[in-house]
Every structure is written in C-alpha cells, then in structure tokens.
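Data first, discussion second: the structure below is written as structure tokens.
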Amino acid sequence: MKYWLLKSEPDCFSIDDLAKAKRQTTFWDGVRNYQARNFMRDEMKLGDQAFFYHSSCDEPAIMGLCEIVREAYPDHTAFDPKNDHYDPKSKQADPTWMMVDIRLTKPFTKPLTLEQLKAIPALKEMELLRRGSRLSVQPVTKPQFEAILKLAK
DNA sequence: GCCAACGTTGGC
DNA sequence: GCCAACGTTGGC
C-alpha cells in the first residue's frame with residue numbers, strides 16, 4: 001500500500017465539501033501536471049491512503065485522511081470547453097488527463113497546520129515542505145505517514 | 001499583493 | 001535541443 005498527499009484550495013473544494021458529498025466520495029479532477037498525473041495513473045492503487053491538504057488559504061493544513069476508492073480513469077472535465085480545466089489537447093480517444101476517486105475516511109478534528117508540520121523532525125524530507133514544492137499529488141513515505149497520523153486527531 | 005520556484009511554450 | 005519569456009502555484 002502507498003501513501004499520498006492531495007492538495008486542494010478550500011475556496012475551490014474543501015474537506016467540508018467532501019464530507020457533504022454523497023458517500024463522502026468525489027472524483028479528483030483538474031490535475032493538469034504530468035508528474036502528478038503519472039503518480040495517479042501509474043502508482044495509485046485501490047486502498048491507498050491519502051492526506052487531504054488545504055493550500056493557498058489562511059491556514060494551510062492537513063485536514064484529514066482519505067482512501068483511494070477507484071483507480072485512474074479519464075478526467076472528463078478536460079473535454080468540456082466550459083470547464084475551467086478544459087484542455088483542447090486531450091482527446092476522448094486518447095485522454096491526456098486522469099483522475100481517481102477518493103473517499104473521506106477520517107476528517108481531523110485538529111488539523112495539522114503547515115507550521116506544525118515544519119516542526120516535526122520526522123518530516124524533514126517531506127515533499128510538501130521542500131522549498132518551492134508545487135506538486136499537487138505527491139507521495140508520502142510510510143514513516144512520514146505514521147508520524148502525521150500519530151499527531152493528527 | 002509580492003515574489004520565488006517551477007512548468008510550459010515557442011522562436012531559433 | 002536550447003533557453004528566454006511567460007504563466008501558475010502557493011506561502012507569506
């Protein structure tokens with residue numbers, strides 16, 4: 001099993017939105033970065049665990065834990081000219097962009113803020129904390145995953 | 001709102 | 001294939 005971190009801007013889609021969704025499940029659309037797509041397409045498997053992270057907001061933080069409930073399939077929002085994430089280069093017959101489905105399994109009552117994460121020695125090498133890191137879908141190592149889960153409530 | 005870091009685009 | 005220009009991300 002692998003571990004992941006997924007970024008979302010809460011103004012766009014927050015963990016509360018996910019909590020309110022049917023079966024606490026959503027498709028993770030809008031990823032338009034090749035490295036992030038490759039992680040989703042090639043490495044994300046059913047049952048993998050993923051942290052839900054709020055970015056570009058007052059208090060960036062890991063908000064909860066999710067599970068991958070469907071493996072990669074074409075991101076249909078790329079085909080829709082009216083969608084913000086429309087990409088004319090992605091064709092139905094040969095989709096460029098993929099998405100997965102995730103289900104919220106454990107919203108944290110006390111999210112771990114970015115500030116707190118930075119203070120945890122076990123997370124020194126974490127991708128999220130790397131200077132200039134922008135990857136919206138990123139792998140988390142098992143020790144990192146466990147360190148975070150131990151502190152999150 | 002600023003700006004550093006990074007990815008993408010396009011001319012050559 | 002190089003690289004400058006540009007756009008985006010995301011913390012502050």
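Ligands are numbered from 1 in the order shown, chains are lettered A, B, ... in the order of the structure tokens, and residues start at 1 in each chain.
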Subject >> Selection: 12 Å around DA5 in chain C, only C-alpha atoms (C1' of nucleotides), excl. self and same-chain fewer than 6 positions, as a list in words >> reply: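 Answer for this query is DT8, DT9, DG10 and DG11 of chain B.
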Original post:
Within 12 Å of DC12 in chain B, counting only C-alpha atoms (C1' of nucleotides), which residues qualify if same-chain residues fewer than 2 places away don't, as a PyMOL selection string?
Top reply: (chain B and resi 10) or (chain C and resi 1-4)
Subject >> Exercise: range 116-131 of chain A partners within 12 Å, only C-alpha atoms (C1' of nucleotides), chain neighbours under 6 positions left out, as a PyMOL selection string >> reply: (chain A and resi 4-7+51+53-55+59-62+110+137-152) or (chain B and resi 4-6) or (chain C and resi 10-11)
**OP:** Using backbone DSSP assignments, extract all strand (DSSP E) residues from range 32-67 of chain A; output them as a list in words.
**Re:**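 Reading the DSSP output for range 32-67 of chain A, strand (DSSP E) covers Gln49, Ala50, Phe51, Phe52, Tyr53, His54, Ala61, Ile62, Met63, Gly64, Leu65, Cys66 and Glu67 of chain A.
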Writing out the chosen residues with N, CA and C atoms as a PDB file, in the first residue's frame:
ATOM      1  N   GLN A  49      -3.812   5.225   0.900  1.00  0.00           N
ATOM      2  CA  GLN A  49      -4.251   6.268   1.825  1.00  0.00           C
ATOM      3  C   GLN A  49      -3.730   7.618   1.369  1.00  0.00           C
ATOM      4  N   ALA A  50      -4.570   8.646   1.496  1.00  0.00           N
ATOM      5  CA  ALA A  50      -4.151   9.978   1.042  1.00  0.00           C
ATOM      6  C   ALA A  50      -4.584  11.059   2.028  1.00  0.00           C
ATOM      7  N   PHE A  51      -3.650  11.913   2.368  1.00  0.00           N
ATOM      8  CA  PHE A  51      -3.989  13.072   3.183  1.00  0.00           C
ATOM      9  C   PHE A  51      -4.643  14.122   2.303  1.00  0.00           C
ATOM     10  N   PHE A  52      -5.601  14.823   2.885  1.00  0.00           N
ATOM     11  CA  PHE A  52      -6.285  15.925   2.202  1.00  0.00           C
ATOM     12  C   PHE A  52      -5.726  17.226   2.752  1.00  0.00           C
ATOM     13  N   TYR A  53      -5.072  17.994   1.884  1.00  0.00           N
ATOM     14  CA  TYR A  53      -4.360  19.206   2.307  1.00  0.00           C
ATOM     15  C   TYR A  53      -4.998  20.462   1.738  1.00  0.00           C
ATOM     16  N   HIS A  54      -5.196  21.445   2.594  1.00  0.00           N
ATOM     17  CA  HIS A  54      -5.700  22.746   2.154  1.00  0.00           C
ATOM     18  C   HIS A  54      -4.532  23.678   1.836  1.00  0.00           C
ATOM     19  N   ALA A  61      -3.066  23.401   5.848  1.00  0.00           N
ATOM     20  CA  ALA A  61      -3.023  22.311   6.825  1.00  0.00           C
ATOM     21  C   ALA A  61      -3.473  20.992   6.223  1.00  0.00           C
ATOM     22  N   ILE A  62      -3.029  19.906   6.841  1.00  0.00           N
ATOM     23  CA  ILE A  62      -3.561  18.585   6.513  1.00  0.00           C
ATOM     24  C   ILE A  62      -4.860  18.440   7.286  1.00  0.00           C
ATOM     25  N   MET A  63      -5.937  18.256   6.551  1.00  0.00           N
ATOM     26  CA  MET A  63      -7.271  18.333   7.134  1.00  0.00           C
ATOM     27  C   MET A  63      -7.891  16.983   7.457  1.00  0.00           C
ATOM     28  N   GLY A  64      -7.371  15.927   6.843  1.00  0.00           N
ATOM     29  CA  GLY A  64      -7.993  14.634   7.086  1.00  0.00           C
ATOM     30  C   GLY A  64      -7.375  13.555   6.223  1.00  0.00           C
ATOM     31  N   LEU A  65      -7.947  12.378   6.353  1.00  0.00           N
ATOM     32  CA  LEU A  65      -7.432  11.215   5.656  1.00  0.00           C
ATOM     33  C   LEU A  65      -8.494  10.638   4.712  1.00  0.00           C
ATOM     34  N   CYS A  66      -8.043  10.258   3.545  1.00  0.00           N
ATOM     35  CA  CYS A  66      -8.924   9.691   2.526  1.00  0.00           C
ATOM     36  C   CYS A  66      -8.380   8.356   2.058  1.00  0.00           C
ATOM     37  N   GLU A  67      -9.243   7.664   1.305  1.00  0.00           N
ATOM     38  CA  GLU A  67      -8.826   6.394   0.724  1.00  0.00           C
ATOM     39  C   GLU A  67      -9.120   6.423  -0.765  1.00  0.00           C
TER      40      GLU A  67
END
Subject >> Within 9 Å of Cys57 in chain A using only C-alpha atoms (C1' of nucleotides), minus same-chain residues under 5 positions, as a list in words >> reply: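 Contacts, with the query itself left out: Glu9, Pro10 and Asp11 of chain A; DG10 of chain C.
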Store the residues of this selection in a file with N, CA, C and O atoms (P, O5', C5', C4', C3', O3' and C1' of nucleotides), as a PDB file, in the first residue's frame.
ATOM      1  N   GLU A   9      -7.394  23.752  -2.965  1.00  0.00           N
ATOM      2  CA  GLU A   9      -7.680  25.074  -2.413  1.00  0.00           C
ATOM      3  C   GLU A   9      -9.093  25.020  -1.850  1.00  0.00           C
ATOM      4  O   GLU A   9     -10.032  24.737  -2.579  1.00  0.00           O
ATOM      5  N   PRO A  10      -9.235  25.303  -0.559  1.00  0.00           N
ATOM      6  CA  PRO A  10     -10.554  25.184   0.069  1.00  0.00           C
ATOM      7  C   PRO A  10     -11.610  26.075  -0.573  1.00  0.00           C
ATOM      8  O   PRO A  10     -12.803  25.729  -0.548  1.00  0.00           O
ATOM      9  N   ASP A  11     -11.198  27.192  -1.144  1.00  0.00           N
ATOM     10  CA  ASP A  11     -12.157  28.052  -1.845  1.00  0.00           C
ATOM     11  C   ASP A  11     -12.751  27.335  -3.042  1.00  0.00           C
ATOM     12  O   ASP A  11     -13.854  27.652  -3.498  1.00  0.00           O
TER      13      ASP A  11
ATOM     14  P    DG C  10      -0.118  24.452  -5.433  1.00  0.00           P
ATOM     15  O5'  DG C  10       0.402  25.448  -4.324  1.00  0.00           O
ATOM     16  C5'  DG C  10       1.776  25.428  -3.975  1.00  0.00           C
ATOM     17  C4'  DG C  10       2.009  26.568  -3.053  1.00  0.00           C
ATOM     18  C3'  DG C  10       0.920  26.783  -1.996  1.00  0.00           C
ATOM     19  O3'  DG C  10       1.536  26.986  -0.767  1.00  0.00           O
ATOM     20  C1'  DG C  10       1.382  28.783  -3.059  1.00  0.00           C
TER      21       DG C  10
END
**OP:** List every residue of range 84-145 of chain A that DSSP, applied to the backbone of this structure, assigns to alpha helix (DSSP H), and report them as a PyMOL selection string.
**Re:** chain A and resi 114-118+142-145
**OP:** For CA of Leu18 in chain A and CA of Ser133 in chain A, quote the distance in Å rounded to one decimal.
**Re:**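 CA of Ser133 in chain A lies at a distance of 24.6 Å from CA of Leu18 in chain A.
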Subject >> 7 Å contact set for Pro74 in chain A, only C-alpha atoms (C1' of nucleotides), chain neighbours under 3 positions out, as a PyMOL selection string >> reply: chain A and resi 95+97-99
Write to file, as an mmCIF file, in the first residue's frame, the residues of the selection just made, with N, CA, C and O atoms.
data_model
loop_
_atom_site.group_PDB
_atom_site.id
_atom_site.type_symbol
_atom_site.label_atom_id
_atom_site.label_comp_id
_atom_site.auth_asym_id
_atom_site.auth_seq_id
_atom_site.Cartn_x
_atom_site.Cartn_y
_atom_site.Cartn_z
ATOM 1 N N PRO A 95 -7.125 10.200 -23.921
ATOM 2 C CA PRO A 95 -7.167 11.240 -22.888
ATOM 3 C C PRO A 95 -5.780 11.535 -22.312
ATOM 4 O O PRO A 95 -5.007 10.610 -22.054
ATOM 5 N N TRP A 97 -5.449 13.494 -19.512
ATOM 6 C CA TRP A 97 -5.551 13.679 -18.060
ATOM 7 C C TRP A 97 -6.422 12.621 -17.400
ATOM 8 O O TRP A 97 -7.409 12.185 -17.970
ATOM 9 N N MET A 98 -5.999 12.252 -16.210
ATOM 10 C CA MET A 98 -6.659 11.176 -15.474
ATOM 11 C C MET A 98 -7.123 11.678 -14.116
ATOM 12 O O MET A 98 -6.609 12.665 -13.595
ATOM 13 N N MET A 99 -8.072 10.939 -13.561
ATOM 14 C CA MET A 99 -8.454 11.234 -12.182
ATOM 15 C C MET A 99 -8.718 9.932 -11.436
ATOM 16 O O MET A 99 -8.823 8.867 -12.039
#
Taking a cut-off of 10 Å and counting only C-alpha atoms (C1' of nucleotides), can you build a table that, for each residue of chain A near chain B, reports the nearest atom pair and how far apart they are in Å (one decimal), sorted by chain then residue number, as CSV?
residue,atom,partner,partner_atom,distance
A:Asn33,CA,B:DG7,C1',8.4
A:Tyr34,CA,B:DG7,C1',9.7
A:Arg131,CA,B:DA5,C1',7.9
A:Gly132,CA,B:DA5,C1',4.8
A:Ser133,CA,B:DA5,C1',7.7
A:Arg134,CA,B:DC6,C1',7.5
A:Leu135,CA,B:DC6,C1',9.7
